[in-house]
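J.: Just dropping this structure here.
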Amino acid sequence: MKLTVFGADGLGARGAERRADGLTIHSMNDALRRRGEQLTKLASHQFDLLVIGGGITGCGVARDAALRGLSVALVEKNDFASGTSSRSSRLIHGGVRYLEHGQLHLVFESSAERRHLLRLAPHLVRPLEFTWPVYAGARIRRWKLGAGLMLYDALSLFRNVGRHHRLSSRAVLEHEPALQREGLLGGARYYDAATNDSRLTLANAIGAAEAGALTMNHAAVTALIPENGCVTGATVRDCLTNTSCNVRARIVVNATGPWSDLLRRLDGETGLTVRGSKGAHIAVPRERIGNHNALTLISPVDGRVLFVLPAEDHAIVGTTDTYTSVSPDDVRATREDIGYLLAVANSFFPAAGLTQEDVVSAWAGIRPLVPAAAQTPGAVSREHAISTSTRGLVSITGGKLTTYRVMAADVMTIVLAALNRPSNPDRTKSIPLPGGDFNSLDALIADAARVTNDSTMARHLVISYGSRWLRVWSEINQPGGGESLADGLPYTIGELRYSVREEMAYTLADLLIRRTHIAHDTRDHGVAASEKSAMALSELFGWDDTARRDAIDAYSIEAARVFSVDA
């Protein structure tokens with residue numbers, strides 16, 4: 001299937017237009033022309049650092065390096081966050097379950113990072129209240145839970161959003177009245193944070209670009225370039241125009257997550273540095289479960305810790321944690337995964353009576369764990385590991401979404417030493433992520449509500465774009481920009497236009513799966529929205545009828561790759 005992203009008139013055939021408010025808007029062809037200019041820069045410059053992989057780790061490394069003054073190129077074969085980084089539980093958390101395995105350092109580190117991200121990206125990382133019910137016969141008893149949460153608060157230096165509270169059974173049911181009552185002994189309330197994983201990753205990519213990095217999605221590495229026994233760059237193919245160039249860099253970082261060993265083989269390395277663990281999630285209508293906030297649950301099936309998480313009108317149930325040898329490109333939830341998650345949800349919310357038909361969407365990702373002797377993935381540490389090959393390729397594996405900044409800083413220690421550069425301060429700890437430069441989320445939502453006269457739209461814009469919400473609203477106010485993409489959801493054509501013009505979105509999948517969550521929030525996974533979007537964006541993309549149909553077909557294939565359920 002041909003992936004068409006521009007029309008027959010070629011790159012840059014259409015010029016800039018002027019909006020009613022005086023701002024200049026560029027056509028998609030202008031964006032592709034700028035992409036051609038990026039390819040020229042990739043081929044003609046030697047960079048201090050080439051980062052391969054546009055997940056949260058790679059984007060975090062690129063932003064950190066650019067803010068330290070290095071010349072940086074970042075390439076990603078698909079879209080930013082298209083792998084594991086958009087298939088998580090959407091949590092920034094201290095890792096309370098890691099306490100069981102004695103991983104106190106990781107909990108301490110994660111708790112500190114949660115605190116930083118709540119400050120640096122308050123629109124994308126928001127406080128989340130959890131209820132943890134304890135039932136008779138549970139693997140974790142009430143006293144053990146209380147002791148663990150006391151330690152959890154202590155490891156955050158008692159600077160969490162709020163301290164934990166032990167709850168009686170009556171108090172638990174006041175918080176979550178739909179919970180199973182039989183056998184309930186009590187529980188606890190504690191705090192972590194929710195995030196939009198794909199937009200957090202994108203914010204780092206945008207932040208890297210705004211700090212001077214050259215960032216390209218849909219740009220695949222097909223070979224590493226050796227010179228005098230060292231890796232000195234890579235051959236990169238632009239998947240949108242099918243053109244290739246050689247990119248030269250003094251240091252190359254492999255931040256491809258579960259694909260890490262594939263890239264290491266291009267360097268002549270053998271052996272496994274990553275062991276994949278599949279994590280599957282399902283989204284069901286929140287009204288069917290009836291949860292008020294987030295819950296931490298112990299599976300009655302195998303004693304694992306799982307979550308039920310609020311996600312606007314849906315509840316996310318997850319996650320599984322099973323070793324897998326499936327390619328990261330082909331990983332999907334299975335019927336067995338879904339059955340397992342439904343059984344857990346139904347055991348704690350018996351009135352829900354959830355079945356496979358209640359599942360709005362299901363997805364899975366692969367955690368790139370550092371190989372260990374542990375029999376179960378849950379017992380494997382989420383610590384990261386950094387290695388340097390004999391030819392100088394720097395690879396980072398393991399880790400977790402919450403600690404991506406720490407991972408990036410550790411990579412920079414190695415990179416700066418290899419470049420013989422002074423250890424410049426880590427500026428990512430003080431500079432907000434794009435859109436994060438405001439003081440009060442509630443006040444910003446209130447401002448947006450006054451302007452939009454729509455409280456639902458106001459909240460959606462602010463928690464997605466932060467202080468940049470007004471730029472998106474300007475697009476929505478353009479002719480046709482306010483057209484809704486799916487009934488009952490706040491997504492509009494104007495928001496997609498903004499993402500094309502300002503957020504490096506080149507395909508319908510970029511727009512409907514990652515810039516927005518339309519694919520997660522609709523039962524057809526955005527197929528109907530893709531047709532409406534393709535029609536509305538045809539002029540912007542430069543699509544004729546054939547190109548538009550190709551784009552819709554390509555979206556259907558991508559949506560099926562991510563959201564279809566394996567037997």
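Every chain in the structure tokens has a letter given in the order shown (A, B, ...), and although residue numbers restart at 1 in each chain, ligands are simply numbered from 1 in the order shown.
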Write out as a VMD selection string all residues of segment 349-420 of chain A that backbone DSSP assigns to strand (DSSP E).

T.: chain A and resid 361 to 369 384 to 388 394 to 398

J.: Write down as a ChimeraX atom specification the residues of segment 110-211 of chain A whose backbone DSSP state falls under alpha helix (DSSP H).

T.: /A:110-120,142-155,169-175,197-210

J.: Residues of segment 68-118 of chain A that approach segment 230-237 of chain A to 10 Å or less, counting only C-alpha atoms: could you list each one with the shortest pair of atoms and its distance in Å to one decimal, rows by chain and increasing residue number, as JSON lines?

T.:
```
{"residue": "A:Val75", "atom": "CA", "partner": "A:Val236", "partner_atom": "CA", "distance": 8.1}
{"residue": "A:Glu76", "atom": "CA", "partner": "A:Val236", "partner_atom": "CA", "distance": 9.6}
{"residue": "A:Lys77", "atom": "CA", "partner": "A:Arg237", "partner_atom": "CA", "distance": 8.5}
```

J.: Report, in Å with one decimal, the straight-line distance from atom CA of Asn217 of chain A to atom CA of Asp510 of chain A.

T.: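 About the pair atom CA of Asn217 of chain A and atom CA of Asp510 of chain A: they are 10.0 Å apart.
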
J.: Residues near Tyr465 of chain A, anyone? I mean within 12 Å using only C-alpha atoms, not counting same-chain ones fewer than 5 positions away, as number ranges by chain.

T.: A: 121-125, 196, 199-200, 202-203, 206, 433-438, 441, 444-445, 448, 457-460, 470-473, 495, 498-499, 502-503, 515-516

J.: Do you know which residues are at most 10 Å from Lys400 of chain A counting only C-alpha atoms, after dropping those on the same chain fewer than 4 positions away, and could you put them as a ChimeraX atom specification?

T.: /A:56-57,85,88,92-93,110,367-369,382-384,404,407

J.: What does the distance from atom CA of Ser440 of chain A to atom CA of Ala505 of chain A come to in Å, to one decimal?

T.: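 Rounded to one decimal, the two atoms are 28.7 Å apart.
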
J.: So what do you get for atom CA of Pro432 of chain A versus atom CA of Asp30 of chain A, distance-wise?

T.: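 Going from atom CA of Pro432 of chain A over to atom CA of Asp30 of chain A covers 29.0 Å.
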
J.: With distances taken over only C-alpha atoms, which residue among A:Leu39, A:Leu540, A:Ser474, A:Pro177 lies nearest Cys239 of chain A?

T.: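 Among A:Leu39, A:Leu540, A:Ser474, A:Pro177, it is A:Leu39 that comes nearest to Cys239 of chain A.
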
J.: Please determine, counting only C-alpha atoms, which residue among A:Ser198, A:Asn160, A:Thr322, A:Thr215 has the shortest atom-to-atom distance to Leu74 of chain A.

T.: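 Checking each of A:Ser198, A:Asn160, A:Thr322, A:Thr215 against Leu74 of chain A, counting only C-alpha atoms, the winner is A:Thr215.
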
J.: Skip Ala154 of chain A itself and residues of its chain fewer than 4 positions away, then list as a VMD selection string all residues within 10 Å of it, counting only C-alpha atoms.

T.: chain A and resid 108 111 148 to 150 158 to 160 163
